[in-house]
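Chemist: Sharing input-v2.csv below, CSV, C-alpha atoms:
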```csv
chain,number,residue,atom,x,y,z
A,1,ILE,CA,57.9,111.4,74.8
A,2,LYS,CA,61.4,112.2,73.6
A,3,PHE,CA,65.0,112.4,74.8
A,4,ALA,CA,65.5,115.8,76.2
A,5,THR,CA,68.5,118.0,77.2
A,6,LEU,CA,68.8,119.2,80.8
A,7,ASP,CA,67.5,122.6,79.8
A,8,GLU,CA,64.4,121.1,78.2
A,9,TYR,CA,63.8,119.0,81.3
A,10,PHE,CA,64.0,121.7,83.8
A,11,ASN,CA,62.0,124.1,81.6
A,12,ALA,CA,59.2,121.5,81.5
A,13,VAL,CA,59.4,121.1,85.3
A,14,ARG,CA,59.2,124.9,85.9
A,15,SER,CA,56.3,125.1,83.5
A,16,GLU,CA,54.4,122.4,85.4
A,17,ILE,CA,55.2,124.1,88.7
A,18,ARG,CA,53.7,127.4,87.4
A,19,ASN,CA,50.6,125.5,86.1
A,20,GLY,CA,50.2,123.7,89.4
A,21,THR,CA,50.3,120.3,87.7
A,22,PHE,CA,53.7,119.2,89.1
A,23,GLN,CA,53.6,117.3,92.4
A,24,PRO,CA,57.1,116.4,93.5
A,25,LYS,CA,57.5,113.2,95.5
A,26,SER,CA,58.9,113.3,98.9
A,27,LEU,CA,61.0,110.7,100.9
A,28,VAL,CA,60.4,110.2,104.6
A,29,GLY,CA,63.1,108.6,106.8
A,30,ASP,CA,66.8,108.5,106.7
A,31,PHE,CA,69.0,108.5,103.6
A,32,PHE,CA,71.3,105.7,104.5
A,33,THR,CA,72.0,103.1,101.9
A,34,TYR,CA,71.0,99.5,102.1
A,35,SER,CA,72.5,97.4,104.9
A,36,ASP,CA,72.2,93.7,104.9
A,37,SER,CA,73.7,92.8,108.3
A,38,ASN,CA,75.9,94.2,111.1
A,39,LEU,CA,75.7,97.7,109.6
A,40,ASP,CA,77.5,96.5,106.5
A,41,TYR,CA,76.3,99.2,104.1
A,42,TRP,CA,76.4,98.7,100.4
A,43,SER,CA,77.8,102.2,99.7
A,44,GLY,CA,80.4,104.4,101.4
A,45,TYR,CA,80.7,107.9,102.6
A,46,PHE,CA,83.6,110.3,102.8
A,47,THR,CA,83.7,109.4,106.6
A,48,SER,CA,83.8,105.6,105.9
A,49,ARG,CA,87.2,104.1,106.9
A,50,VAL,CA,88.8,107.5,107.1
A,51,PHE,CA,92.0,106.0,108.5
A,52,HIS,CA,92.5,103.8,105.5
A,53,LYS,CA,91.6,106.5,103.0
A,54,ALA,CA,94.2,108.8,104.6
A,55,THR,CA,96.7,105.9,104.5
A,56,GLU,CA,96.0,105.5,100.8
A,57,ARG,CA,96.7,109.1,100.1
A,58,LYS,CA,100.0,109.0,102.0
A,59,LEU,CA,100.9,105.8,100.2
A,60,MET,CA,100.3,107.5,96.8
A,61,THR,CA,102.6,110.3,97.8
A,62,SER,CA,105.3,107.9,99.0
A,63,LEU,CA,105.0,105.8,95.9
A,64,ARG,CA,105.5,108.8,93.6
A,65,THR,CA,108.5,110.0,95.7
A,66,ALA,CA,110.0,106.5,95.6
A,67,GLN,CA,109.6,106.3,91.8
A,68,LEU,CA,111.2,109.8,91.3
A,69,LEU,CA,114.2,109.1,93.6
A,70,PHE,CA,114.7,105.7,91.9
A,71,THR,CA,114.7,107.3,88.5
A,72,LEU,CA,117.1,110.0,89.6
A,73,MET,CA,119.4,107.4,91.1
A,74,THR,CA,119.5,105.2,88.1
A,75,ALA,CA,120.0,108.1,85.8
A,76,GLU,CA,122.9,109.6,87.8
A,77,VAL,CA,124.8,106.3,88.3
A,78,SER,CA,124.3,105.2,84.7
A,79,LYS,CA,125.5,108.6,83.4
A,80,HIS,CA,128.7,108.6,85.3
A,81,TRP,CA,129.7,105.0,85.9
A,82,GLY,CA,128.2,102.8,83.2
A,83,THR,CA,125.7,100.1,83.4
A,84,LEU,CA,123.9,99.4,86.6
A,85,SER,CA,123.8,96.0,88.2
A,86,PHE,CA,120.7,94.2,86.9
A,87,LYS,CA,120.2,92.4,90.1
A,88,PHE,CA,120.3,95.6,92.1
A,89,ILE,CA,117.9,97.4,89.8
A,90,ALA,CA,115.5,94.4,89.5
A,91,TYR,CA,115.3,94.2,93.3
A,92,LEU,CA,114.3,97.8,93.8
A,93,LEU,CA,112.0,97.7,90.8
A,94,GLN,CA,110.2,94.7,92.1
A,95,LYS,CA,109.5,96.7,95.4
A,96,LEU,CA,108.0,99.5,93.3
A,97,ILE,CA,105.9,97.1,91.3
A,98,GLN,CA,104.5,95.3,94.4
A,99,SER,CA,103.8,98.6,96.1
A,100,ARG,CA,101.9,99.9,93.1
A,101,ARG,CA,99.9,96.7,92.9
A,102,ASN,CA,99.0,96.8,96.6
A,103,LEU,CA,97.8,100.4,96.2
A,104,SER,CA,95.7,99.5,93.2
A,105,ILE,CA,94.0,96.7,95.1
A,106,PHE,CA,92.9,99.1,97.8
A,107,GLN,CA,91.7,101.5,95.1
A,108,HIS,CA,89.2,98.9,94.0
A,109,HIS,CA,85.6,100.1,94.6
A,110,ASP,CA,84.9,98.2,97.9
A,111,GLY,CA,88.3,99.3,99.4
A,112,ILE,CA,88.4,103.1,98.8
A,113,THR,CA,84.7,103.5,99.5
A,114,GLY,CA,85.0,101.8,102.9
A,115,THR,CA,82.3,99.2,102.4
A,116,SER,CA,84.6,96.1,102.9
A,117,THR,CA,84.0,93.7,105.8
A,118,ASP,CA,86.4,93.9,108.8
A,119,TYR,CA,88.7,91.0,107.8
A,120,VAL,CA,89.0,92.3,104.3
A,121,VAL,CA,89.9,95.8,105.6
A,122,LYS,CA,92.6,94.2,107.8
A,123,ASP,CA,94.1,92.5,104.7
A,124,TYR,CA,94.1,95.9,102.9
A,125,SER,CA,96.0,97.4,105.9
A,126,LYS,CA,98.6,94.7,105.7
A,127,LYS,CA,99.0,95.2,102.0
A,128,MET,CA,99.4,99.0,102.3
A,129,LYS,CA,101.9,98.5,105.1
A,130,THR,CA,103.9,96.1,102.9
A,131,ALA,CA,103.7,98.7,100.1
A,132,MET,CA,104.9,101.5,102.4
A,133,ASP,CA,107.8,99.3,103.6
A,134,GLY,CA,108.8,98.8,99.9
A,135,CYS,CA,108.6,102.5,99.2
A,136,GLN,CA,110.7,103.4,102.2
A,137,GLU,CA,113.4,100.9,101.2
A,138,VAL,CA,113.5,102.3,97.6
A,139,MET,CA,113.7,105.9,98.9
A,140,MET,CA,116.4,105.2,101.5
A,141,THR,CA,118.5,103.2,99.1
A,142,SER,CA,118.2,105.9,96.3
A,143,LEU,CA,119.1,108.7,98.7
A,144,PHE,CA,122.1,106.7,100.0
A,145,VAL,CA,123.4,106.1,96.5
A,146,LEU,CA,122.8,109.7,95.4
A,147,SER,CA,124.6,111.1,98.5
A,148,SER,CA,127.5,108.6,98.0
A,149,LEU,CA,128.4,109.1,94.4
A,150,GLU,CA,132.0,110.0,95.2
A,151,TYR,CA,132.4,106.7,97.0
A,152,PHE,CA,131.1,104.8,94.0
A,153,LYS,CA,133.4,106.8,91.7
A,154,ASN,CA,136.5,105.9,93.9
A,155,GLY,CA,135.5,102.3,94.0
A,156,ASN,CA,135.0,102.2,97.7
A,157,LEU,CA,131.4,101.2,97.4
A,158,THR,CA,129.5,99.0,95.1
A,159,LEU,CA,125.8,98.8,94.3
A,160,GLU,CA,125.6,95.4,95.9
A,161,ASN,CA,127.0,96.8,99.1
A,162,THR,CA,124.5,99.3,100.2
A,163,SER,CA,123.5,97.8,103.6
A,164,ASN,CA,124.7,100.9,105.4
A,165,TYR,CA,121.8,103.0,104.1
A,166,ASN,CA,119.6,101.7,106.9
A,167,SER,CA,121.6,103.6,109.5
A,168,THR,CA,122.3,106.5,107.2
A,169,TYR,CA,118.7,107.3,106.1
A,170,ALA,CA,116.2,106.2,108.6
A,171,PRO,CA,112.6,107.1,107.7
A,172,ALA,CA,111.6,110.3,109.5
A,173,ILE,CA,107.9,110.1,108.9
A,174,TYR,CA,107.2,106.4,109.1
A,175,GLN,CA,108.0,103.7,111.7
A,176,ASN,CA,106.8,100.1,112.0
A,177,GLY,CA,103.7,99.9,114.1
A,178,SER,CA,100.4,98.0,114.1
A,179,ASP,CA,98.0,97.8,111.2
A,180,ARG,CA,96.0,100.5,112.8
A,181,ASN,CA,99.0,102.7,113.6
A,182,ILE,CA,101.4,102.4,110.7
A,183,TRP,CA,102.0,106.2,110.6
A,184,ARG,CA,103.5,106.5,114.0
A,185,PRO,CA,106.2,109.2,113.6
A,186,PHE,CA,109.9,108.2,113.9
A,187,ILE,CA,111.4,109.9,117.0
A,188,PHE,CA,114.9,111.4,116.7
A,189,GLN,CA,116.8,110.6,119.8
A,190,PHE,CA,119.2,113.2,121.3
A,191,ASP,CA,121.8,112.2,123.8
A,192,ALA,CA,121.5,114.4,126.9
A,193,ALA,CA,125.1,113.7,127.9
A,194,ALA,CA,126.3,115.3,124.7
A,195,GLU,CA,124.3,118.5,125.3
A,196,ASN,CA,127.4,120.8,125.0
A,197,ASN,CA,128.6,119.1,121.8
A,198,SER,CA,126.5,120.5,119.0
A,199,THR,CA,128.1,118.2,116.4
A,200,SER,CA,127.2,114.9,118.1
A,201,ARG,CA,123.7,116.2,118.9
A,202,SER,CA,122.9,117.3,115.3
A,203,LYS,CA,120.6,115.3,113.0
A,204,ILE,CA,120.4,115.8,109.3
A,205,VAL,CA,116.9,115.7,107.7
A,206,THR,CA,116.6,115.5,103.9
A,207,VAL,CA,113.4,117.0,102.5
A,208,PHE,CA,112.5,116.0,99.0
A,209,ASN,CA,109.8,117.8,96.9
A,210,PRO,CA,108.1,115.3,94.6
A,211,LEU,CA,106.1,118.0,92.8
A,212,GLU,CA,107.1,119.8,89.6
A,213,THR,CA,107.1,123.3,91.2
A,214,PRO,CA,108.6,124.7,94.4
A,215,HIS,CA,106.2,125.1,97.3
A,216,SER,CA,106.2,125.6,101.0
A,217,LYS,CA,104.8,123.0,103.3
A,218,LEU,CA,104.7,122.4,107.1
A,219,ILE,CA,107.2,119.7,108.1
A,220,THR,CA,106.6,117.7,111.3
A,221,ILE,CA,109.1,115.3,112.8
A,222,GLY,CA,109.3,113.7,116.2
A,223,VAL,CA,112.1,114.5,118.7
A,224,SER,CA,113.0,113.3,122.1
A,225,SER,CA,113.9,116.7,123.6
A,226,PRO,CA,112.2,120.1,123.6
A,227,SER,CA,115.7,121.8,123.4
A,228,VAL,CA,116.0,121.6,119.6
A,229,LYS,CA,116.4,124.1,116.9
A,230,VAL,CA,116.3,123.8,113.1
A,231,ALA,CA,119.1,125.2,110.9
A,232,THR,CA,120.3,124.9,107.3
A,233,LEU,CA,123.6,123.2,106.5
A,234,ASP,CA,125.3,126.6,106.5
A,235,ASP,CA,124.0,127.1,110.1
A,236,LYS,CA,121.2,129.6,109.3
A,237,ASP,CA,118.4,129.3,111.8
A,238,ILE,CA,114.9,128.3,110.6
A,239,GLN,CA,111.9,129.4,112.6
A,240,SER,CA,110.2,126.4,114.3
A,241,GLU,CA,107.7,125.4,116.9
A,242,ILE,CA,107.8,122.4,119.3
A,243,HIS,CA,104.8,120.8,121.0
A,244,PRO,CA,104.5,118.0,123.5
A,245,VAL,CA,102.9,114.8,122.4
A,246,LEU,CA,99.9,113.9,124.6
A,247,VAL,CA,98.5,110.4,125.0
A,248,HIS,CA,95.4,109.0,126.7
A,249,SER,CA,96.3,106.5,129.5
A,250,ASP,CA,94.1,105.2,132.3
A,251,SER,CA,91.4,107.7,131.3
A,252,ARG,CA,93.9,110.5,131.8
A,253,LEU,CA,95.8,112.8,129.5
A,254,ARG,CA,99.5,112.3,129.9
A,255,SER,CA,102.5,113.7,128.2
A,256,ALA,CA,104.6,111.2,126.2
A,257,GLU,CA,108.3,111.3,126.2
A,258,ALA,CA,108.3,112.8,122.7
A,259,PHE,CA,107.7,116.2,121.0
A,260,GLU,CA,106.6,117.4,117.6
A,261,LEU,CA,108.9,119.7,115.9
A,262,ASN,CA,107.3,121.9,113.2
A,263,PHE,CA,108.9,124.1,110.6
A,264,VAL,CA,108.4,125.3,107.0
```
Show me, as structure tokens, the structure contained in the file I just sent.
Modeler:
Amino acid sequence: IKFATLDEYFNAVRSEIRNGTFQPKSLVGDFFTYSDSNLDYWSGYFTSRVFHKATERKLMTSLRTAQLLFTLMTAEVSKHWGTLSFKFIAYLLQKLIQSRRNLSIFQHHDGITGTSTDYVVKDYSKKMKTAMDGCQEVMMTSLFVLSSLEYFKNGNLTLENTSNYNSTYAPAIYQNGSDRNIWRPFIFQFDAAAENNSTSRSKIVTVFNPLETPHSKLITIGVSSPSVKVATLDDKDIQSEIHPVLVHSDSRLRSAEAFELNFV
């Protein structure tokens, strides 16, 4: 008996098969892992807790985006107008740290594998929702500061006075919901009374690419009207598709008062 390489092992197996001396063992029954009670399995599958695994992936993307925007914001403001307010930076940095910690907790082996008990999974959901809230606040604040550099330069806005960013940069992909529905899309509302006024009906969407290289990706946002088009800031039309959002209610498929607008 000796330690063998994979080649040596399989060569020995093939030799025994040819000689008729190899008798492979067979397993009869299912291949599910051990379950102690209430179908609480000790190992997970790629289909275990798929909602939470998808949430973790989206949170990873949001965290990376928030960190990049935060870095760009601090670099730009420091470059042009001196030292940043320590209190302002510390507040946003703490949001990033807490979001990173909450994400790391879920990436523990019994979280990402989907083998946690129900009450533990609910706690994971709350932590990821808190992390997403923190990422959204950092992203919105950073975008507000980056788009308002002239106001800072003229002294009309200070880093401690950024409360207006909530109305300026609302999250287009995320909206507060339940622990099981934290990715409910934000719906852009359009005033039907202002139908003939294109300026009052327009909404500006900022798309940020967190990757190192340019790429094309399908963008989906929620709108309240099917009569919507997508255009660049210089008024060049972008091809788009719009679909009704269907919901199940009273065992029937109904159309919600919202639409999905898709463009690349």
Chemist: What separation in Å, quoted to one decimal, exists between atom CA of Cys135 of chain A and atom CA of Thr213 of chain A?
Modeler: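 Atom CA of Thr213 of chain A lies at a distance of 22.3 Å from atom CA of Cys135 of chain A.
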Chemist: Taking only C-alpha atoms into account, which of A:Phe190, A:Lys217, A:Arg49, A:Pro210 comes nearest Ala258 of chain A?
Modeler: A:Phe190
Chemist: In file coordinates, which residues lie within 6 Å of (109.2, 123.5, 112.1) using all atoms listed in the file, given as a tab-separated table (two decimals) with C-alpha atoms, in the coordinates of the input?
Modeler:
```tsv
chain	number	residue	atom	x	y	z
A	219	ILE	CA	107.20	119.70	108.10
A	240	SER	CA	110.20	126.40	114.30
A	241	GLU	CA	107.70	125.40	116.90
A	261	LEU	CA	108.90	119.70	115.90
A	262	ASN	CA	107.30	121.90	113.20
A	263	PHE	CA	108.90	124.10	110.60
A	264	VAL	CA	108.40	125.30	107.00
```
Chemist: Record the distance separating atom CA of Lys127 of chain A and atom CA of Met60 of chain A, expressed in Å with one decimal.
Modeler: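 Atom CA of Lys127 of chain A sits 13.4 Å away from atom CA of Met60 of chain A.
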Chemist: Just give me the gap between atom CA of Asn102 of chain A and atom CA of Lys129 of chain A in Å, one decimal is fine.
Modeler: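 Rounded to one decimal, the two atoms are 9.1 Å apart.
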Chemist: Can you pull out the residues contacting Asn209 of chain A? Cut-off 12 Å, using only C-alpha atoms, and skip same-chain residues under 2 positions away; I want them as a list in words.
Modeler: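 Within the cut-off, the hits are Thr61, Ser62, Arg64, Thr65, Ala66, Leu68, Leu69, Thr206, Val207, Leu211, Glu212, Thr213, Pro214, His215, Ser216, Lys217 and Ile219 of chain A.
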Chemist: Could you dump the residues just selected with C-alpha atoms as a compact mmCIF listing (two decimals), in the coordinates of the input?
Modeler:
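What follows is the written file again.txt:
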```
# COMPACT_ATOMS: atom_id res chain seq x y z
CA THR A 61 102.60 110.30 97.80
CA SER A 62 105.30 107.90 99.00
CA ARG A 64 105.50 108.80 93.60
CA THR A 65 108.50 110.00 95.70
CA ALA A 66 110.00 106.50 95.60
CA LEU A 68 111.20 109.80 91.30
CA LEU A 69 114.20 109.10 93.60
CA THR A 206 116.60 115.50 103.90
CA VAL A 207 113.40 117.00 102.50
CA LEU A 211 106.10 118.00 92.80
CA GLU A 212 107.10 119.80 89.60
CA THR A 213 107.10 123.30 91.20
CA PRO A 214 108.60 124.70 94.40
CA HIS A 215 106.20 125.10 97.30
CA SER A 216 106.20 125.60 101.00
CA LYS A 217 104.80 123.00 103.30
CA ILE A 219 107.20 119.70 108.10
```
Chemist: I want to know what sits within 12 Å of Leu59 of chain A, based on all atoms listed in the file, with residues of the same chain fewer than 3 positions away left out; could you give that as a ChimeraX atom specification?
Modeler: /A:52-56,62-66,96,99-104,106-107,125,127-136,173-174,182-183
